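Listing of coords.pdb, PDB, C-alpha atoms
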```
ATOM      1  CA  MET A  29     -52.108  10.861   9.925
ATOM      2  CA  ARG A  30     -48.321  11.317   9.663
ATOM      3  CA  HIS A  31     -46.313   8.155   8.999
ATOM      4  CA  THR A  32     -42.580   7.488   9.065
ATOM      5  CA  ILE A  33     -41.629   4.600   6.800
ATOM      6  CA  THR A  34     -38.163   3.054   6.688
ATOM      7  CA  VAL A  35     -37.115   1.150   3.591
ATOM      8  CA  LEU A  36     -34.006  -0.916   2.879
ATOM      9  CA  VAL A  37     -33.160  -0.913  -0.827
ATOM     10  CA  GLU A  38     -30.352  -2.115  -3.013
ATOM     11  CA  ASN A  39     -27.935   0.776  -3.477
ATOM     12  CA  GLU A  40     -28.165   1.074  -7.246
ATOM     13  CA  PHE A  41     -28.789   3.652  -9.941
ATOM     14  CA  GLY A  42     -32.409   4.810 -10.315
ATOM     15  CA  VAL A  43     -33.870   3.485  -7.047
ATOM     16  CA  LEU A  44     -34.707   6.945  -5.729
ATOM     17  CA  THR A  45     -36.420   7.840  -9.008
ATOM     18  CA  ARG A  46     -38.492   4.669  -8.879
ATOM     19  CA  VAL A  47     -39.622   5.310  -5.305
ATOM     20  CA  ALA A  48     -40.486   8.946  -6.049
ATOM     21  CA  GLY A  49     -42.304   7.832  -9.206
ATOM     22  CA  LEU A  50     -44.365   5.334  -7.226
ATOM     23  CA  PHE A  51     -45.577   8.143  -4.953
ATOM     24  CA  SER A  52     -46.265  10.660  -7.713
ATOM     25  CA  ALA A  53     -48.073   8.146  -9.950
ATOM     26  CA  ARG A  54     -50.552   7.463  -7.162
ATOM     27  CA  GLY A  55     -50.934  11.089  -6.069
ATOM     28  CA  TYR A  56     -49.195  10.637  -2.713
ATOM     29  CA  ASN A  57     -46.918  13.309  -1.306
ATOM     30  CA  ILE A  58     -43.521  12.737   0.275
ATOM     31  CA  GLU A  59     -43.101  15.321   3.050
ATOM     32  CA  SER A  60     -39.524  14.304   3.751
ATOM     33  CA  LEU A  61     -37.075  11.828   2.253
ATOM     34  CA  THR A  62     -33.643  10.914   3.577
ATOM     35  CA  VAL A  63     -31.399   8.314   1.942
ATOM     36  CA  ALA A  64     -27.973   7.058   2.983
ATOM     37  CA  PRO A  65     -25.914   3.885   2.667
ATOM     38  CA  THR A  66     -25.932   1.418   5.555
ATOM     39  CA  MET A  67     -22.924  -0.434   6.976
ATOM     40  CA  ASP A  68     -23.313  -2.683   3.925
ATOM     41  CA  ALA A  69     -22.407  -0.369   1.010
ATOM     42  CA  SER A  70     -24.692  -2.333  -1.326
ATOM     43  CA  VAL A  71     -27.761  -1.394   0.768
ATOM     44  CA  SER A  72     -29.256   2.041   1.423
ATOM     45  CA  ARG A  73     -31.787   3.032   4.044
ATOM     46  CA  MET A  74     -34.570   5.445   3.164
ATOM     47  CA  THR A  75     -36.664   7.293   5.699
ATOM     48  CA  LEU A  76     -39.895   8.593   4.146
ATOM     49  CA  VAL A  77     -42.413  10.812   5.890
ATOM     50  CA  THR A  78     -45.869  10.957   4.356
ATOM     51  CA  ARG A  79     -49.475  11.427   5.402
ATOM     52  CA  GLY A  80     -52.425   9.157   4.859
ATOM     53  CA  SER A  81     -54.907   6.799   6.414
ATOM     54  CA  ASP A  82     -53.767   3.393   7.588
ATOM     55  CA  SER A  83     -55.225   1.826   4.443
ATOM     56  CA  VAL A  84     -53.337   4.270   2.184
ATOM     57  CA  ILE A  85     -50.092   3.593   4.065
ATOM     58  CA  GLU A  86     -50.662  -0.147   3.781
ATOM     59  CA  GLN A  87     -51.086   0.295   0.002
ATOM     60  CA  ILE A  88     -47.867   2.354  -0.154
ATOM     61  CA  LYS A  89     -45.987  -0.360   1.745
ATOM     62  CA  LYS A  90     -47.299  -3.045  -0.624
ATOM     63  CA  GLN A  91     -46.285  -0.990  -3.672
ATOM     64  CA  LEU A  92     -42.826  -0.329  -2.218
ATOM     65  CA  ASN A  93     -42.387  -4.065  -1.576
ATOM     66  CA  LYS A  94     -43.183  -4.754  -5.257
ATOM     67  CA  LEU A  95     -40.254  -2.638  -6.448
ATOM     68  CA  ILE A  96     -37.367  -4.938  -7.415
ATOM     69  CA  PRO A  97     -34.617  -3.127  -5.447
ATOM     70  CA  THR A  98     -36.693  -3.058  -2.225
ATOM     71  CA  ILE A  99     -35.404  -5.412   0.452
ATOM     72  CA  LYS A 100     -37.591  -4.510   3.425
ATOM     73  CA  VAL A 101     -40.291  -1.943   4.370
ATOM     74  CA  GLU A 102     -41.485  -0.921   7.822
ATOM     75  CA  ASP A 103     -43.874   1.765   9.089
ATOM     76  CA  ILE A 104     -42.356   2.727  12.441
ATOM     77  CA  SER A 105     -45.080   5.254  13.288
ATOM     78  CA  HIS A 106     -47.003   2.863  15.529
ATOM     79  CA  LEU A 107     -43.869   1.389  17.109
ATOM     80  CA  VAL A 108     -41.885   2.858  19.975
ATOM     81  CA  HIS A 109     -39.282   4.748  17.999
ATOM     82  CA  MET A 110     -37.109   7.839  17.918
ATOM     83  CA  GLU A 111     -36.757  10.468  15.225
ATOM     84  CA  ARG A 112     -34.119  13.152  14.836
ATOM     85  CA  GLU A 113     -33.503  15.976  12.376
ATOM     86  CA  MET A 114     -30.490  18.172  11.811
ATOM     87  CA  LEU A 115     -30.751  21.936  11.355
ATOM     88  CA  LEU A 116     -28.176  24.367  10.025
ATOM     89  CA  VAL A 117     -29.142  28.000  10.622
ATOM     90  CA  LYS A 118     -27.182  31.151   9.802
ATOM     91  CA  LEU A 119     -28.084  34.059  12.088
ATOM     92  CA  LYS A 120     -27.330  37.767  11.890
ATOM     93  CA  THR A 121     -25.170  38.886  14.786
ATOM     94  CA  ASN A 122     -23.353  41.996  15.901
ATOM     95  CA  PRO A 123     -20.849  42.749  18.670
ATOM     96  CA  ASP A 124     -23.703  43.521  21.070
ATOM     97  CA  ASN A 125     -25.712  40.285  20.716
ATOM     98  CA  ARG A 126     -23.121  37.721  19.606
ATOM     99  CA  CYS A 127     -22.393  36.420  23.139
ATOM    100  CA  GLU A 128     -26.131  36.192  23.821
ATOM    101  CA  VAL A 129     -26.624  34.044  20.686
ATOM    102  CA  VAL A 130     -23.700  31.779  21.640
ATOM    103  CA  LYS A 131     -25.096  31.368  25.170
ATOM    104  CA  LEU A 132     -28.534  30.454  23.806
ATOM    105  CA  ALA A 133     -26.896  27.953  21.439
ATOM    106  CA  GLU A 134     -24.979  26.351  24.314
ATOM    107  CA  GLU A 135     -28.128  26.078  26.451
ATOM    108  CA  ILE A 136     -29.955  24.137  23.768
ATOM    109  CA  ARG A 137     -26.798  22.168  22.799
ATOM    110  CA  ALA A 138     -26.405  23.728  19.377
ATOM    111  CA  LYS A 139     -22.901  23.783  17.961
ATOM    112  CA  VAL A 140     -21.286  26.832  16.343
ATOM    113  CA  VAL A 141     -19.965  25.540  13.002
ATOM    114  CA  ASP A 142     -19.065  28.784  11.209
ATOM    115  CA  HIS A 143     -18.261  32.219  12.625
ATOM    116  CA  VAL A 144     -15.552  33.771  10.476
ATOM    117  CA  GLU A 145     -17.081  37.247  10.450
ATOM    118  CA  ILE A 146     -18.645  39.145  13.365
ATOM    119  CA  ASN A 147     -21.937  39.722  11.522
ATOM    120  CA  TYR A 148     -23.150  36.104  11.466
ATOM    121  CA  LEU A 149     -23.008  32.710  13.182
ATOM    122  CA  THR A 150     -23.932  29.361  11.675
ATOM    123  CA  LEU A 151     -25.312  26.861  14.175
ATOM    124  CA  GLU A 152     -25.938  23.128  13.927
ATOM    125  CA  LEU A 153     -28.632  21.500  16.036
ATOM    126  CA  THR A 154     -29.906  17.943  16.154
ATOM    127  CA  GLY A 155     -33.148  16.893  17.804
ATOM    128  CA  THR A 156     -36.837  16.320  17.353
ATOM    129  CA  ALA A 157     -38.772  18.440  14.879
ATOM    130  CA  GLU A 158     -40.454  20.178  17.818
ATOM    131  CA  LYS A 159     -37.086  21.071  19.399
ATOM    132  CA  LEU A 160     -35.844  22.542  16.125
ATOM    133  CA  ASP A 161     -39.078  24.494  15.594
ATOM    134  CA  THR A 162     -38.843  25.926  19.125
ATOM    135  CA  PHE A 163     -35.203  26.913  18.581
ATOM    136  CA  LEU A 164     -36.058  28.656  15.300
ATOM    137  CA  GLU A 165     -38.775  30.644  17.085
ATOM    138  CA  GLN A 166     -36.269  31.648  19.774
ATOM    139  CA  VAL A 167     -33.647  32.900  17.317
ATOM    140  CA  ALA A 168     -35.961  34.464  14.734
ATOM    141  CA  SER A 169     -35.660  37.881  16.375
ATOM    142  CA  TYR A 170     -31.906  37.945  15.666
ATOM    143  CA  GLY A 171     -32.604  37.534  11.953
ATOM    144  CA  ILE A 172     -32.319  34.253  10.103
ATOM    145  CA  ILE A 173     -30.145  34.693   7.033
ATOM    146  CA  GLU A 174     -30.520  31.121   5.829
ATOM    147  CA  MET A 175     -31.564  27.740   7.180
ATOM    148  CA  THR A 176     -31.841  24.151   6.030
ATOM    149  CA  ARG A 177     -33.108  20.954   7.655
ATOM    150  CA  THR A 178     -32.601  17.306   6.878
ATOM    151  CA  GLY A 179     -36.065  16.064   7.667
ATOM    152  CA  PRO A 180     -36.397  13.199  10.121
ATOM    153  CA  VAL A 181     -34.468   9.977  10.224
ATOM    154  CA  GLY A 182     -35.859   7.372  12.538
ATOM    155  CA  MET A 183     -35.484   3.945  14.004
ATOM    156  CA  ARG A 184     -37.389   1.869  16.452
ATOM    157  CA  ARG A 185     -36.163   1.601  19.991
ATOM    158  CA  GLY A 186     -34.853  -1.599  21.528
ATOM    159  CA  ALA A 187     -32.239  -4.212  20.698
ATOM    160  CA  LYS A 188     -33.856  -5.457  17.472
ATOM    161  CA  GLY A 189     -32.433  -3.854  14.352
ATOM    162  CA  PHE A 190     -33.926  -3.112  10.934
ATOM    163  CA  THR A 191     -31.440  -5.054   8.820
ATOM    164  CA  ILE A 192     -31.504  -7.418   5.864
ATOM    165  CA  ASN A 193     -30.989 -10.454   8.138
TER
END
```

Written as structure tokens, how would this file's structure read?
Amino acid sequence: MRHTITVLVENEFGVLTRVAGLFSARGYNIESLTVAPTMDASVSRMTLVTRGSDSVIEQIKKQLNKLIPTIKVEDISHLVHMEREMLLVKLKTNPDNRCEVVKLAEEIRAKVVDHVEINYLTLELTGTAEKLDTFLEQVASYGIIEMTRTGPVGMRRGAKGFTIN
């Protein structure tokens, strides 16, 4: 089963290496990993996506909690939560289809972020993994020159926050 785990860690040198090492030493795979500082610059928030049984995920959470820079760990997969990814995709265009691509982008709320030359457009889209996958299928016929995705970031819904307090 797919699990999204959020981790608050001290923002210090080597933390990412230690977390990745914990996974690789135990033969677990990280499907996606996003790390960024929080409002407190001394704390970073990691969003890890991995697969495993509930018992494997429980073991991962225990191992993460044992790491010295770890402040807090939470598996949000079973909680009511939201996840979003960002996609940047560069598409081939020409004078005949450029307006059509822009219209499609507007319909799905993608933003044109680069269009200097007539032969390409770079679009930015944020949404669920399913929304991004569907969009990529829709634009594949134009010709994808290049694309990159962030992987999901997530948080639980409601007023309660995932903070160090």

Which residues are near segment 116-131 of chain A? Cut-off 9 Å, all atoms listed in the file, ignore same chain within fewer than 5 positions. Put them as a short mmCIF file (atom, residue, chain, number, x, y, z; two decimals) with C-alpha atoms, in the frame of the given file.
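out_19.cif written:
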```cif
data_model
loop_
_atom_site.label_atom_id
_atom_site.label_comp_id
_atom_site.auth_asym_id
_atom_site.auth_seq_id
_atom_site.Cartn_x
_atom_site.Cartn_y
_atom_site.Cartn_z
CA ILE A 136 -29.96 24.14 23.77
CA ALA A 138 -26.40 23.73 19.38
CA LYS A 139 -22.90 23.78 17.96
CA VAL A 140 -21.29 26.83 16.34
CA VAL A 141 -19.96 25.54 13.00
CA ASP A 142 -19.07 28.78 11.21
CA ILE A 146 -18.64 39.15 13.36
CA ASN A 147 -21.94 39.72 11.52
CA TYR A 148 -23.15 36.10 11.47
CA LEU A 149 -23.01 32.71 13.18
CA THR A 150 -23.93 29.36 11.68
CA LEU A 151 -25.31 26.86 14.18
CA GLU A 152 -25.94 23.13 13.93
CA LEU A 153 -28.63 21.50 16.04
CA LEU A 164 -36.06 28.66 15.30
CA VAL A 167 -33.65 32.90 17.32
CA ALA A 168 -35.96 34.46 14.73
CA TYR A 170 -31.91 37.94 15.67
CA GLY A 171 -32.60 37.53 11.95
CA ILE A 172 -32.32 34.25 10.10
CA ILE A 173 -30.14 34.69 7.03
CA GLU A 174 -30.52 31.12 5.83
CA MET A 175 -31.56 27.74 7.18
CA THR A 176 -31.84 24.15 6.03
CA ARG A 177 -33.11 20.95 7.66
CA THR A 178 -32.60 17.31 6.88
#
```

Considering all atoms listed in the file, tabulate each residue of segment 95-128 of chain A that lies at most 10 Å from segment 36-48 of chain A along with its nearest interatomic pair and the corresponding distance in Å to one decimal; arrange the rows by chain and ascending residue number and present them as JSON lines.
```
{"residue": "A:Leu95", "atom": "CA", "partner": "A:Arg46", "partner_atom": "CA", "distance": 7.9}
{"residue": "A:Ile96", "atom": "CA", "partner": "A:Glu38", "partner_atom": "CA", "distance": 8.7}
{"residue": "A:Pro97", "atom": "CA", "partner": "A:Glu38", "partner_atom": "CA", "distance": 5.0}
{"residue": "A:Thr98", "atom": "CA", "partner": "A:Val37", "partner_atom": "CA", "distance": 4.4}
{"residue": "A:Ile99", "atom": "CA", "partner": "A:Val37", "partner_atom": "CA", "distance": 5.2}
{"residue": "A:Lys100", "atom": "CA", "partner": "A:Leu36", "partner_atom": "CA", "distance": 5.1}
{"residue": "A:Val101", "atom": "CA", "partner": "A:Leu36", "partner_atom": "CA", "distance": 6.5}
{"residue": "A:Glu102", "atom": "CA", "partner": "A:Leu36", "partner_atom": "CA", "distance": 9.0}
```

> Could you name the residues that touch Arg185 of chain A at 8 Å or less, counting only C-alpha atoms, but leaving out those on the same chain fewer than 4 positions away, as a PyMOL selection string?
Replying inline: chain A and resi 108-110

>> Can you spell out as a PyMOL selection string the set of residues that the PyMOL selection byres ((chain A and resi 58) around 10) selects in the structure I just provided?
In response: chain A and resi 48+51-52+55-57+59-61+76-79

> Is there a way to get, as a PyMOL selection string, all residues within 8 Å of the point (-32.0, 11.7, 13.7) in file coordinates, counting all atoms listed in the file?
Replying inline: chain A and resi 110-114+154-156+180-182

> Nearest to Asp161 of chain A: which of A:Thr32, A:Asn93, A:Ile88, A:Leu115 is it, counting all atoms listed in the file?
Replying inline: A:Leu115

> Quick one: of A:Ala69, A:Leu50, A:Ala64, A:Met29, who's nearest to Lys90 of chain A, counting all atoms listed in the file?
Replying inline: A:Leu50

>> If I take atom CA of Glu135 of chain A and atom CA of Gly179 of chain A, how far is one from the other in Å, to one decimal?
In response: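 Between atom CA of Glu135 of chain A and atom CA of Gly179 of chain A the gap is 22.7 Å.
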
Box along x, y and z, 5 Å on every side, all listed atoms of segment 83-99 of chain A inside: centre and edge lengths in Å to one decimal, as AutoDock Vina command-line options.
```
--center_x -44.9 --center_y -0.6 --center_z -1.5 --size_x 30.6 --size_y 19.7 --size_z 21.9
```

> Between A:Ile192, A:Ile104, A:Gln87, A:Ala187, which has the minimum distance to Arg54 of chain A (counting all atoms listed in the file)?
Replying inline: A:Gln87

> Which residue gives the smallest distance to Phe163 of chain A among A:Ala53, A:Val71, A:Val144, A:Leu132, with only C-alpha atoms counted?
Replying inline: A:Leu132

>> Just to confirm, what's the straight-line distance from atom CA of Thr62 of chain A to atom CA of Met74 of chain A in Å (one decimal)?
In response: 5.6 Å

With the input short on atoms, add N, CA and C atoms back to segment 155-174 of chain A and write it as a compact mmCIF listing (two decimals), keeping the file's coordinate frame.
```
# COMPACT_ATOMS: atom_id res chain seq x y z
N GLY A 155 -32.12 17.21 16.83
CA GLY A 155 -33.15 16.89 17.80
C GLY A 155 -34.46 16.59 17.12
N THR A 156 -35.51 16.57 17.90
CA THR A 156 -36.84 16.32 17.35
C THR A 156 -37.28 17.54 16.54
N ALA A 157 -38.25 17.34 15.68
CA ALA A 157 -38.77 18.44 14.88
C ALA A 157 -39.29 19.56 15.79
N GLU A 158 -39.92 19.19 16.89
CA GLU A 158 -40.45 20.18 17.82
C GLU A 158 -39.33 21.01 18.45
N LYS A 159 -38.23 20.35 18.81
CA LYS A 159 -37.09 21.07 19.40
C LYS A 159 -36.51 22.07 18.40
N LEU A 160 -36.38 21.65 17.14
CA LEU A 160 -35.84 22.54 16.12
C LEU A 160 -36.79 23.71 15.85
N ASP A 161 -38.09 23.43 15.80
CA ASP A 161 -39.08 24.49 15.59
C ASP A 161 -39.01 25.52 16.72
N THR A 162 -38.93 25.04 17.97
CA THR A 162 -38.84 25.93 19.12
C THR A 162 -37.59 26.79 19.05
N PHE A 163 -36.46 26.18 18.70
CA PHE A 163 -35.20 26.91 18.58
C PHE A 163 -35.31 28.00 17.51
N LEU A 164 -35.90 27.66 16.37
CA LEU A 164 -36.06 28.66 15.30
C LEU A 164 -36.91 29.84 15.76
N GLU A 165 -37.96 29.56 16.54
CA GLU A 165 -38.78 30.64 17.08
C GLU A 165 -37.96 31.53 18.03
N GLN A 166 -37.08 30.90 18.81
CA GLN A 166 -36.27 31.65 19.77
C GLN A 166 -35.25 32.55 19.09
N VAL A 167 -34.71 32.12 17.97
CA VAL A 167 -33.65 32.90 17.32
C VAL A 167 -34.15 33.78 16.18
N ALA A 168 -35.41 33.70 15.85
CA ALA A 168 -35.96 34.46 14.73
C ALA A 168 -35.75 35.96 14.91
N SER A 169 -35.81 36.44 16.13
CA SER A 169 -35.66 37.88 16.38
C SER A 169 -34.26 38.40 16.05
N TYR A 170 -33.26 37.52 16.04
CA TYR A 170 -31.91 37.94 15.67
C TYR A 170 -31.79 38.16 14.16
N GLY A 171 -32.62 37.47 13.41
CA GLY A 171 -32.60 37.53 11.95
C GLY A 171 -31.98 36.29 11.36
N ILE A 172 -32.81 35.47 10.74
CA ILE A 172 -32.32 34.25 10.10
C ILE A 172 -31.91 34.61 8.68
N ILE A 173 -30.65 34.43 8.38
CA ILE A 173 -30.14 34.69 7.03
C ILE A 173 -30.50 33.53 6.11
N GLU A 174 -30.30 32.33 6.62
CA GLU A 174 -30.52 31.12 5.83
C GLU A 174 -30.67 29.95 6.78
```
